[in-house]
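Participant: Enclosed is the structure file query_17.cif (mmCIF, N, CA and C atoms).
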data_data
loop_
_atom_site.group_PDB
_atom_site.id
_atom_site.type_symbol
_atom_site.label_atom_id
_atom_site.label_comp_id
_atom_site.auth_asym_id
_atom_site.auth_seq_id
_atom_site.Cartn_x
_atom_site.Cartn_y
_atom_site.Cartn_z
ATOM 1 N N MET A 3 0.821 -1.186 0.000
ATOM 2 C CA MET A 3 0.000 0.000 0.000
ATOM 3 C C MET A 3 0.871 1.259 0.000
ATOM 4 N N ALA A 4 2.049 1.194 0.613
ATOM 5 C CA ALA A 4 2.954 2.343 0.574
ATOM 6 C C ALA A 4 3.391 2.610 -0.865
ATOM 7 N N GLU A 5 3.612 1.541 -1.625
ATOM 8 C CA GLU A 5 3.987 1.683 -3.031
ATOM 9 C C GLU A 5 2.845 2.319 -3.828
ATOM 10 N N THR A 6 1.632 1.933 -3.533
ATOM 11 C CA THR A 6 0.466 2.530 -4.195
ATOM 12 C C THR A 6 0.375 4.012 -3.853
ATOM 13 N N ALA A 7 0.630 4.365 -2.603
ATOM 14 C CA ALA A 7 0.616 5.781 -2.198
ATOM 15 C C ALA A 7 1.667 6.568 -2.975
ATOM 16 N N GLU A 8 2.836 5.979 -3.189
ATOM 17 C CA GLU A 8 3.886 6.645 -3.975
ATOM 18 C C GLU A 8 3.421 6.878 -5.414
ATOM 19 N N ARG A 9 2.781 5.890 -5.989
ATOM 20 C CA ARG A 9 2.318 6.012 -7.375
ATOM 21 C C ARG A 9 1.185 7.032 -7.494
ATOM 22 N N LEU A 10 0.295 7.063 -6.505
ATOM 23 C CA LEU A 10 -0.748 8.090 -6.488
ATOM 24 C C LEU A 10 -0.134 9.470 -6.325
ATOM 25 N N SER A 11 0.883 9.581 -5.490
ATOM 26 C CA SER A 11 1.576 10.860 -5.295
ATOM 27 C C SER A 11 2.111 11.385 -6.622
ATOM 28 N N ALA A 12 2.719 10.503 -7.391
ATOM 29 C CA ALA A 12 3.275 10.911 -8.683
ATOM 30 C C ALA A 12 2.168 11.363 -9.632
ATOM 31 N N ALA A 13 1.058 10.637 -9.649
ATOM 32 C CA ALA A 13 -0.045 10.992 -10.546
ATOM 33 C C ALA A 13 -0.722 12.297 -10.128
ATOM 34 N N LEU A 14 -0.838 12.517 -8.820
ATOM 35 C CA LEU A 14 -1.538 13.690 -8.310
ATOM 36 C C LEU A 14 -0.657 14.933 -8.232
ATOM 37 N N GLY A 15 0.648 14.709 -8.162
ATOM 38 C CA GLY A 15 1.547 15.838 -7.991
ATOM 39 C C GLY A 15 1.531 16.382 -6.575
ATOM 40 N N ARG A 16 1.127 15.557 -5.632
ATOM 41 C CA ARG A 16 1.168 15.925 -4.214
ATOM 42 C C ARG A 16 1.380 14.662 -3.391
ATOM 43 N N LYS A 17 1.823 14.830 -2.182
ATOM 44 C CA LYS A 17 2.202 13.701 -1.339
ATOM 45 C C LYS A 17 0.974 12.978 -0.782
ATOM 46 N N ILE A 18 0.919 11.691 -1.047
ATOM 47 C CA ILE A 18 -0.081 10.797 -0.455
ATOM 48 C C ILE A 18 0.697 9.857 0.451
ATOM 49 N N THR A 19 0.236 9.678 1.651
ATOM 50 C CA THR A 19 0.926 8.785 2.582
ATOM 51 C C THR A 19 0.030 7.614 2.953
ATOM 52 N N TYR A 20 0.661 6.545 3.334
ATOM 53 C CA TYR A 20 -0.043 5.348 3.783
ATOM 54 C C TYR A 20 0.317 5.123 5.234
ATOM 55 N N HIS A 21 -0.690 4.901 6.042
ATOM 56 C CA HIS A 21 -0.494 4.595 7.451
ATOM 57 C C HIS A 21 -0.952 3.162 7.686
ATOM 58 N N ALA A 22 -0.018 2.282 8.015
ATOM 59 C CA ALA A 22 -0.372 0.890 8.299
ATOM 60 C C ALA A 22 -1.261 0.842 9.538
ATOM 61 N N GLN A 23 -2.249 -0.026 9.502
ATOM 62 C CA GLN A 23 -3.178 -0.154 10.617
ATOM 63 C C GLN A 23 -3.055 -1.521 11.268
ATOM 64 N N THR A 24 -3.395 -1.562 12.537
ATOM 65 C CA THR A 24 -3.544 -2.852 13.202
ATOM 66 C C THR A 24 -4.858 -3.457 12.711
ATOM 67 N N PRO A 25 -5.042 -4.756 12.870
ATOM 68 C CA PRO A 25 -6.328 -5.343 12.476
ATOM 69 C C PRO A 25 -7.517 -4.659 13.157
ATOM 70 N N GLN A 26 -7.374 -4.276 14.418
ATOM 71 C CA GLN A 26 -8.478 -3.599 15.118
ATOM 72 C C GLN A 26 -8.768 -2.231 14.491
ATOM 73 N N GLU A 27 -7.728 -1.479 14.150
ATOM 74 C CA GLU A 27 -7.942 -0.196 13.478
ATOM 75 C C GLU A 27 -8.623 -0.405 12.131
ATOM 76 N N ALA A 28 -8.180 -1.413 11.400
ATOM 77 C CA ALA A 28 -8.792 -1.706 10.104
ATOM 78 C C ALA A 28 -10.259 -2.076 10.272
ATOM 79 N N ARG A 29 -10.550 -2.880 11.272
ATOM 80 C CA ARG A 29 -11.938 -3.272 11.534
ATOM 81 C C ARG A 29 -12.794 -2.043 11.819
ATOM 82 N N THR A 30 -12.286 -1.129 12.616
ATOM 83 C CA THR A 30 -13.038 0.074 12.973
ATOM 84 C C THR A 30 -13.270 0.953 11.759
ATOM 85 N N THR A 31 -12.229 1.208 10.968
ATOM 86 C CA THR A 31 -12.394 2.093 9.817
ATOM 87 C C THR A 31 -13.173 1.435 8.692
ATOM 88 N N ARG A 32 -13.092 0.120 8.555
ATOM 89 C CA ARG A 32 -13.836 -0.545 7.492
ATOM 90 C C ARG A 32 -15.318 -0.596 7.808
ATOM 91 N N SER A 33 -15.676 -0.494 9.056
ATOM 92 C CA SER A 33 -17.098 -0.559 9.394
ATOM 93 C C SER A 33 -17.697 0.832 9.567
ATOM 94 N N THR A 34 -16.891 1.868 9.322
ATOM 95 C CA THR A 34 -17.435 3.223 9.472
ATOM 96 C C THR A 34 -17.070 4.077 8.269
ATOM 97 N N SER A 35 -16.380 5.172 8.487
ATOM 98 C CA SER A 35 -16.227 6.228 7.493
ATOM 99 C C SER A 35 -15.550 5.816 6.193
ATOM 100 N N ARG A 36 -14.652 4.874 6.209
ATOM 101 C CA ARG A 36 -13.909 4.532 4.996
ATOM 102 C C ARG A 36 -14.785 3.887 3.925
ATOM 103 N N LEU A 37 -15.940 3.413 4.322
ATOM 104 C CA LEU A 37 -16.837 2.776 3.370
ATOM 105 C C LEU A 37 -18.196 3.459 3.336
ATOM 106 N N GLU A 38 -18.208 4.776 3.555
ATOM 107 C CA GLU A 38 -19.480 5.487 3.665
ATOM 108 C C GLU A 38 -20.379 5.265 2.454
ATOM 109 N N LYS A 39 -19.845 5.425 1.253
ATOM 110 C CA LYS A 39 -20.668 5.268 0.050
ATOM 111 C C LYS A 39 -21.172 3.838 -0.060
ATOM 112 N N PHE A 40 -20.275 2.874 0.138
ATOM 113 C CA PHE A 40 -20.675 1.471 0.073
ATOM 114 C C PHE A 40 -21.704 1.169 1.153
ATOM 115 N N GLU A 41 -21.466 1.669 2.336
ATOM 116 C CA GLU A 41 -22.384 1.459 3.466
ATOM 117 C C GLU A 41 -23.761 2.035 3.150
ATOM 118 N N ALA A 42 -23.810 3.238 2.596
ATOM 119 C CA ALA A 42 -25.084 3.869 2.252
ATOM 120 C C ALA A 42 -25.824 3.054 1.189
ATOM 121 N N GLU A 43 -25.098 2.604 0.177
ATOM 122 C CA GLU A 43 -25.717 1.786 -0.870
ATOM 123 C C GLU A 43 -26.223 0.465 -0.293
ATOM 124 N N ARG A 44 -25.423 -0.120 0.572
ATOM 125 C CA ARG A 44 -25.803 -1.398 1.211
ATOM 126 C C ARG A 44 -27.064 -1.212 2.047
ATOM 127 N N ARG A 45 -27.121 -0.111 2.815
ATOM 128 C CA ARG A 45 -28.310 0.168 3.624
ATOM 129 C C ARG A 45 -29.536 0.386 2.741
ATOM 130 N N MET A 46 -29.350 1.083 1.630
ATOM 131 C CA MET A 46 -30.458 1.354 0.727
ATOM 132 C C MET A 46 -31.001 0.040 0.139
ATOM 133 N N LEU A 47 -30.107 -0.866 -0.224
ATOM 134 C CA LEU A 47 -30.522 -2.112 -0.852
ATOM 135 C C LEU A 47 -31.056 -3.147 0.135
ATOM 136 N N THR A 48 -30.466 -3.200 1.301
ATOM 137 C CA THR A 48 -30.791 -4.287 2.229
ATOM 138 C C THR A 48 -31.487 -3.837 3.506
ATOM 139 N N GLY A 49 -31.429 -2.546 3.798
ATOM 140 C CA GLY A 49 -32.026 -2.063 5.045
ATOM 141 C C GLY A 49 -31.076 -2.103 6.226
ATOM 142 N N HIS A 50 -29.883 -2.646 6.020
ATOM 143 C CA HIS A 50 -28.887 -2.651 7.104
ATOM 144 C C HIS A 50 -27.490 -2.521 6.511
ATOM 145 N N GLY A 51 -26.552 -2.173 7.353
ATOM 146 C CA GLY A 51 -25.185 -1.938 6.912
ATOM 147 C C GLY A 51 -24.362 -3.208 6.857
ATOM 148 N N LEU A 52 -23.074 -3.021 6.915
ATOM 149 C CA LEU A 52 -22.158 -4.153 6.850
ATOM 150 C C LEU A 52 -22.352 -5.066 8.051
ATOM 151 N N ASP A 53 -22.355 -6.369 7.796
ATOM 152 C CA ASP A 53 -22.418 -7.292 8.919
ATOM 153 C C ASP A 53 -20.989 -7.696 9.303
ATOM 154 N N GLU A 54 -20.868 -8.416 10.362
ATOM 155 C CA GLU A 54 -19.551 -8.795 10.886
ATOM 156 C C GLU A 54 -18.736 -9.591 9.865
ATOM 157 N N TYR A 55 -19.382 -10.469 9.126
ATOM 158 C CA TYR A 55 -18.688 -11.255 8.112
ATOM 159 C C TYR A 55 -18.083 -10.352 7.043
ATOM 160 N N GLU A 56 -18.843 -9.364 6.568
ATOM 161 C CA GLU A 56 -18.341 -8.469 5.523
ATOM 162 C C GLU A 56 -17.149 -7.651 6.022
ATOM 163 N N VAL A 57 -17.224 -7.195 7.254
ATOM 164 C CA VAL A 57 -16.091 -6.466 7.826
ATOM 165 C C VAL A 57 -14.877 -7.392 7.902
ATOM 166 N N ASP A 58 -15.088 -8.633 8.309
ATOM 167 C CA ASP A 58 -13.991 -9.609 8.362
ATOM 168 C C ASP A 58 -13.356 -9.812 6.988
ATOM 169 N N VAL A 59 -14.176 -9.841 5.942
ATOM 170 C CA VAL A 59 -13.645 -10.013 4.580
ATOM 171 C C VAL A 59 -12.736 -8.846 4.218
ATOM 172 N N PHE A 60 -13.174 -7.610 4.510
ATOM 173 C CA PHE A 60 -12.340 -6.442 4.219
ATOM 174 C C PHE A 60 -11.031 -6.501 5.002
ATOM 175 N N VAL A 61 -11.105 -6.778 6.295
ATOM 176 C CA VAL A 61 -9.909 -6.815 7.133
ATOM 177 C C VAL A 61 -8.979 -7.930 6.673
ATOM 178 N N THR A 62 -9.513 -9.089 6.374
ATOM 179 C CA THR A 62 -8.696 -10.212 5.909
ATOM 180 C C THR A 62 -7.983 -9.869 4.611
ATOM 181 N N HIS A 63 -8.686 -9.224 3.702
ATOM 182 C CA HIS A 63 -8.083 -8.835 2.426
ATOM 183 C C HIS A 63 -6.882 -7.919 2.650
ATOM 184 N N PHE A 64 -7.043 -6.920 3.496
ATOM 185 C CA PHE A 64 -5.939 -5.995 3.739
ATOM 186 C C PHE A 64 -4.800 -6.659 4.506
ATOM 187 N N LEU A 65 -5.112 -7.610 5.371
ATOM 188 C CA LEU A 65 -4.054 -8.363 6.042
ATOM 189 C C LEU A 65 -3.280 -9.209 5.031
ATOM 190 N N GLN A 66 -3.976 -9.773 4.055
ATOM 191 C CA GLN A 66 -3.299 -10.554 3.018
ATOM 192 C C GLN A 66 -2.366 -9.671 2.200
ATOM 193 N N ILE A 67 -2.770 -8.457 1.919
ATOM 194 C CA ILE A 67 -1.893 -7.520 1.219
ATOM 195 C C ILE A 67 -0.677 -7.219 2.085
ATOM 196 N N ALA A 68 -0.913 -6.915 3.365
ATOM 197 C CA ALA A 68 0.169 -6.525 4.275
ATOM 198 C C ALA A 68 1.202 -7.626 4.461
ATOM 199 N N THR A 69 0.766 -8.870 4.467
ATOM 200 C CA THR A 69 1.701 -9.973 4.688
ATOM 201 C C THR A 69 2.313 -10.499 3.389
ATOM 202 N N GLY A 70 1.899 -9.938 2.254
ATOM 203 C CA GLY A 70 2.463 -10.357 0.985
ATOM 204 C C GLY A 70 1.783 -11.564 0.368
ATOM 205 N N ASP A 71 0.698 -12.032 0.965
ATOM 206 C CA ASP A 71 0.004 -13.205 0.436
ATOM 207 C C ASP A 71 -0.582 -12.969 -0.958
ATOM 208 N N LEU A 72 -0.797 -11.711 -1.326
ATOM 209 C CA LEU A 72 -1.377 -11.401 -2.632
ATOM 210 C C LEU A 72 -0.352 -10.803 -3.588
ATOM 211 N N ALA A 73 0.930 -11.030 -3.308
ATOM 212 C CA ALA A 73 1.989 -10.406 -4.099
ATOM 213 C C ALA A 73 2.278 -11.128 -5.418
ATOM 214 N N ASN A 74 1.855 -12.358 -5.542
ATOM 215 C CA ASN A 74 2.139 -13.102 -6.774
ATOM 216 C C ASN A 74 1.348 -12.523 -7.940
ATOM 217 N N VAL A 75 2.025 -12.392 -9.060
ATOM 218 C CA VAL A 75 1.384 -11.921 -10.283
ATOM 219 C C VAL A 75 0.971 -13.148 -11.084
ATOM 220 N N SER A 76 -0.286 -13.150 -11.497
ATOM 221 C CA SER A 76 -0.769 -14.288 -12.281
ATOM 222 C C SER A 76 -1.163 -13.814 -13.680
ATOM 223 N N ASN A 77 -1.556 -14.743 -14.499
ATOM 224 C CA ASN A 77 -1.998 -14.409 -15.855
ATOM 225 C C ASN A 77 -3.529 -14.427 -15.955
ATOM 226 N N THR A 78 -4.213 -14.271 -14.839
ATOM 227 C CA THR A 78 -5.668 -14.349 -14.810
ATOM 228 C C THR A 78 -6.328 -13.253 -15.630
ATOM 229 N N VAL A 79 -5.861 -12.016 -15.514
ATOM 230 C CA VAL A 79 -6.485 -10.918 -16.259
ATOM 231 C C VAL A 79 -6.426 -11.167 -17.766
ATOM 232 N N PRO A 80 -5.252 -11.439 -18.333
ATOM 233 C CA PRO A 80 -5.247 -11.686 -19.777
ATOM 234 C C PRO A 80 -6.046 -12.926 -20.178
ATOM 235 N N GLU A 81 -6.050 -13.949 -19.336
ATOM 236 C CA GLU A 81 -6.820 -15.151 -19.666
ATOM 237 C C GLU A 81 -8.318 -14.869 -19.694
ATOM 238 N N LEU A 82 -8.800 -14.073 -18.733
ATOM 239 C CA LEU A 82 -10.232 -13.791 -18.658
ATOM 240 C C LEU A 82 -10.689 -12.722 -19.649
ATOM 241 N N THR A 83 -9.844 -11.728 -19.886
ATOM 242 C CA THR A 83 -10.271 -10.595 -20.713
ATOM 243 C C THR A 83 -9.758 -10.644 -22.146
ATOM 244 N N GLY A 84 -8.684 -11.404 -22.365
ATOM 245 C CA GLY A 84 -8.071 -11.410 -23.688
ATOM 246 C C GLY A 84 -7.191 -10.193 -23.926
ATOM 247 N N HIS A 85 -6.963 -9.399 -22.887
ATOM 248 C CA HIS A 85 -6.122 -8.200 -22.969
ATOM 249 C C HIS A 85 -5.065 -8.258 -21.870
ATOM 250 N N PRO A 86 -3.906 -7.645 -22.105
ATOM 251 C CA PRO A 86 -2.884 -7.647 -21.048
ATOM 252 C C PRO A 86 -3.331 -6.825 -19.842
ATOM 253 N N ALA A 87 -2.847 -7.210 -18.689
ATOM 254 C CA ALA A 87 -3.119 -6.443 -17.475
ATOM 255 C C ALA A 87 -2.411 -5.095 -17.572
ATOM 256 N N GLN A 88 -2.932 -4.098 -16.860
ATOM 257 C CA GLN A 88 -2.331 -2.757 -16.850
ATOM 258 C C GLN A 88 -1.565 -2.539 -15.554
ATOM 259 N N SER A 89 -0.524 -1.763 -15.633
ATOM 260 C CA SER A 89 0.142 -1.334 -14.411
ATOM 261 C C SER A 89 -0.707 -0.232 -13.775
ATOM 262 N N LEU A 90 -0.491 0.005 -12.511
ATOM 263 C CA LEU A 90 -1.213 1.080 -11.836
ATOM 264 C C LEU A 90 -0.903 2.422 -12.484
ATOM 265 N N GLU A 91 0.363 2.642 -12.833
ATOM 266 C CA GLU A 91 0.740 3.909 -13.481
ATOM 267 C C GLU A 91 -0.034 4.105 -14.785
ATOM 268 N N HIS A 92 -0.137 3.057 -15.575
ATOM 269 C CA HIS A 92 -0.863 3.164 -16.840
ATOM 270 C C HIS A 92 -2.336 3.452 -16.583
ATOM 271 N N TYR A 93 -2.923 2.738 -15.654
ATOM 272 C CA TYR A 93 -4.335 2.966 -15.338
ATOM 273 C C TYR A 93 -4.548 4.412 -14.901
ATOM 274 N N LEU A 94 -3.711 4.909 -14.000
ATOM 275 C CA LEU A 94 -3.859 6.284 -13.506
ATOM 276 C C LEU A 94 -3.703 7.302 -14.626
ATOM 277 N N SER A 95 -2.783 7.036 -15.546
ATOM 278 C CA SER A 95 -2.595 7.984 -16.652
ATOM 279 C C SER A 95 -3.775 7.969 -17.614
ATOM 280 N N GLN A 96 -4.434 6.828 -17.753
ATOM 281 C CA GLN A 96 -5.559 6.704 -18.672
ATOM 282 C C GLN A 96 -6.913 7.053 -18.049
ATOM 283 N N HIS A 97 -6.984 7.077 -16.723
ATOM 284 C CA HIS A 97 -8.265 7.289 -16.032
ATOM 285 C C HIS A 97 -8.149 8.314 -14.906
ATOM 286 N N PRO A 98 -7.771 9.549 -15.205
ATOM 287 C CA PRO A 98 -7.628 10.552 -14.146
ATOM 288 C C PRO A 98 -8.943 10.832 -13.420
ATOM 289 N N ASP A 99 -10.064 10.551 -14.058
ATOM 290 C CA ASP A 99 -11.359 10.744 -13.402
ATOM 291 C C ASP A 99 -11.526 9.805 -12.205
ATOM 292 N N SER A 100 -10.807 8.685 -12.191
ATOM 293 C CA SER A 100 -10.934 7.724 -11.096
ATOM 294 C C SER A 100 -10.351 8.238 -9.782
ATOM 295 N N TYR A 101 -9.509 9.249 -9.851
ATOM 296 C CA TYR A 101 -8.938 9.809 -8.620
ATOM 297 C C TYR A 101 -9.134 11.324 -8.548
ATOM 298 N N GLY A 102 -9.969 11.872 -9.411
ATOM 299 C CA GLY A 102 -10.221 13.307 -9.421
ATOM 300 C C GLY A 102 -10.717 13.845 -8.093
ATOM 301 N N HIS A 103 -11.465 13.009 -7.353
ATOM 302 C CA HIS A 103 -11.960 13.448 -6.042
ATOM 303 C C HIS A 103 -10.819 13.745 -5.076
ATOM 304 N N LEU A 104 -9.649 13.161 -5.315
ATOM 305 C CA LEU A 104 -8.496 13.427 -4.449
ATOM 306 C C LEU A 104 -7.894 14.789 -4.730
ATOM 307 N N LEU A 105 -8.186 15.366 -5.878
ATOM 308 C CA LEU A 105 -7.655 16.670 -6.254
ATOM 309 C C LEU A 105 -8.534 17.823 -5.769
ATOM 310 N N ARG A 106 -9.798 17.581 -5.569
ATOM 311 C CA ARG A 106 -10.743 18.640 -5.230
ATOM 312 C C ARG A 106 -10.506 19.287 -3.864
ATOM 313 N N ASN A 107 -9.988 18.550 -2.913
ATOM 314 C CA ASN A 107 -9.835 19.068 -1.550
ATOM 315 C C ASN A 107 -8.412 19.491 -1.221
ATOM 316 N N VAL A 108 -7.647 19.792 -2.239
ATOM 317 C CA VAL A 108 -6.243 20.181 -2.023
ATOM 318 C C VAL A 108 -6.181 21.631 -1.599
#
The structure in this file should be written as C-alpha cells.

Facilitator:
Amino acid sequence: MAETAERLSAALGRKITYHAQTPQEARTTRSTSRLEKFEAERRMLTGHGLDEYEVDVFVTHFLQIATGDLANVSNTVPELTGHPAQSLEHYLSQHPDSYGHLLRNV
C-alpha cells in the first residue's frame, strides 16, 4: 500500500501517505467512514449496513496484502479478458477521473 501511495503521489503531484493499521484499526475504519458510500448503498438495498462477516472479509483482504500473500502476479487478467493487465501507473494515466476526487480538496 505504501507503493500505491507513492504512485498516487506521482499521478496527483502531491504527497499521499499510507499509514499501516492494526487489524483492530482496520476493523473500525472498514465498518465506518472509509466505506461510507458502500455502506449507504448497502443500507439502501438491504435495510442494514455491513455485517460482521463483511467487515472480516475487508480486514482479511488488507491483512493478506500486508503480509504479501497477494503479491504473486498471475496471468488471470489476460486469460479472462483477452487483454494484457495494466500497471497502476498506466491505469492512472488513462483514467484521471478515477482519482479526481483526491484533487478537489487540495

Participant: Could you tell me how far CA of Thr62 (chain A) sits from atom N of Ala28 (chain A), in Å to one decimal place?

Facilitator: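 For atom N of Ala28 (chain A) relative to CA of Thr62 (chain A), the distance reads 10.4 Å.
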
Participant: I need the helix (DSSP H, G or I) residues of chain A per DSSP on the backbone, written as a count of residues only.

Facilitator: 69

Participant: Got a sec to resolve the PyMOL selection byres (((chain A and resi 25 and name CA) around 12) and name CA) on this structure and send the residues as an MDAnalysis selection string?

Facilitator: chainID A and resid 22:24 26:32 57:66 68

Participant: Please save N, CA and C atoms of the selected residues as a short mmCIF file (atom, residue, chain, number, x, y, z; two decimals), keeping the file's coordinate frame.

Facilitator:
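Contents of the output file again35.cif:
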data_model
loop_
_atom_site.label_atom_id
_atom_site.label_comp_id
_atom_site.auth_asym_id
_atom_site.auth_seq_id
_atom_site.Cartn_x
_atom_site.Cartn_y
_atom_site.Cartn_z
N ALA A 22 -0.02 2.28 8.02
CA ALA A 22 -0.37 0.89 8.30
C ALA A 22 -1.26 0.84 9.54
N GLN A 23 -2.25 -0.03 9.50
CA GLN A 23 -3.18 -0.15 10.62
C GLN A 23 -3.06 -1.52 11.27
N THR A 24 -3.40 -1.56 12.54
CA THR A 24 -3.54 -2.85 13.20
C THR A 24 -4.86 -3.46 12.71
N GLN A 26 -7.37 -4.28 14.42
CA GLN A 26 -8.48 -3.60 15.12
C GLN A 26 -8.77 -2.23 14.49
N GLU A 27 -7.73 -1.48 14.15
CA GLU A 27 -7.94 -0.20 13.48
C GLU A 27 -8.62 -0.40 12.13
N ALA A 28 -8.18 -1.41 11.40
CA ALA A 28 -8.79 -1.71 10.10
C ALA A 28 -10.26 -2.08 10.27
N ARG A 29 -10.55 -2.88 11.27
CA ARG A 29 -11.94 -3.27 11.53
C ARG A 29 -12.79 -2.04 11.82
N THR A 30 -12.29 -1.13 12.62
CA THR A 30 -13.04 0.07 12.97
C THR A 30 -13.27 0.95 11.76
N THR A 31 -12.23 1.21 10.97
CA THR A 31 -12.39 2.09 9.82
C THR A 31 -13.17 1.44 8.69
N ARG A 32 -13.09 0.12 8.56
CA ARG A 32 -13.84 -0.55 7.49
C ARG A 32 -15.32 -0.60 7.81
N VAL A 57 -17.22 -7.20 7.25
CA VAL A 57 -16.09 -6.47 7.83
C VAL A 57 -14.88 -7.39 7.90
N ASP A 58 -15.09 -8.63 8.31
CA ASP A 58 -13.99 -9.61 8.36
C ASP A 58 -13.36 -9.81 6.99
N VAL A 59 -14.18 -9.84 5.94
CA VAL A 59 -13.64 -10.01 4.58
C VAL A 59 -12.74 -8.85 4.22
N PHE A 60 -13.17 -7.61 4.51
CA PHE A 60 -12.34 -6.44 4.22
C PHE A 60 -11.03 -6.50 5.00
N VAL A 61 -11.10 -6.78 6.30
CA VAL A 61 -9.91 -6.82 7.13
C VAL A 61 -8.98 -7.93 6.67
N THR A 62 -9.51 -9.09 6.37
CA THR A 62 -8.70 -10.21 5.91
C THR A 62 -7.98 -9.87 4.61
N HIS A 63 -8.69 -9.22 3.70
CA HIS A 63 -8.08 -8.84 2.43
C HIS A 63 -6.88 -7.92 2.65
N PHE A 64 -7.04 -6.92 3.50
CA PHE A 64 -5.94 -6.00 3.74
C PHE A 64 -4.80 -6.66 4.51
N LEU A 65 -5.11 -7.61 5.37
CA LEU A 65 -4.05 -8.36 6.04
C LEU A 65 -3.28 -9.21 5.03
N GLN A 66 -3.98 -9.77 4.06
CA GLN A 66 -3.30 -10.55 3.02
C GLN A 66 -2.37 -9.67 2.20
N ALA A 68 -0.91 -6.92 3.36
CA ALA A 68 0.17 -6.52 4.28
C ALA A 68 1.20 -7.63 4.46
#

Participant: Provide the CA of Arg44 (chain A) to CA of Asp99 (chain A) distance in Å, to one decimal place.

Facilitator: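 Computing it gives 23.9 Å between the two atoms.
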
Participant: Please compute the atom C of Ile18 (chain A)-CA of Ala4 (chain A) distance, one decimal, in Å.

Facilitator: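 Calculated distance between atom C of Ile18 (chain A) and CA of Ala4 (chain A) is 7.8 Å.
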
Participant: So which one's closest to Gln96 (chain A), A:Val79, A:Ala13, A:Gly70, A:Gly84? Using only C-alpha atoms, please.

Facilitator: A:Ala13

Participant: Extending 4 Å beyond the listed atoms of region 66-80 of chain A on each side, what axis-aligned box results? I want centre and edge lengths in Å to one decimal, as AutoDock Vina command-line options.

Facilitator:
--center_x -2.0 --center_y -10.6 --center_z -7.7 --size_x 16.9 --size_y 16.2 --size_z 32.9

Participant: Which residue is closest to Leu90 (chain A)? Choose from A:Val75, A:Leu104, A:Met3, A:Leu10 and count only N, CA and C atoms.

Facilitator: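 Comparing A:Val75, A:Leu104, A:Met3, A:Leu10 against Leu90 (chain A), the winner is A:Leu10.
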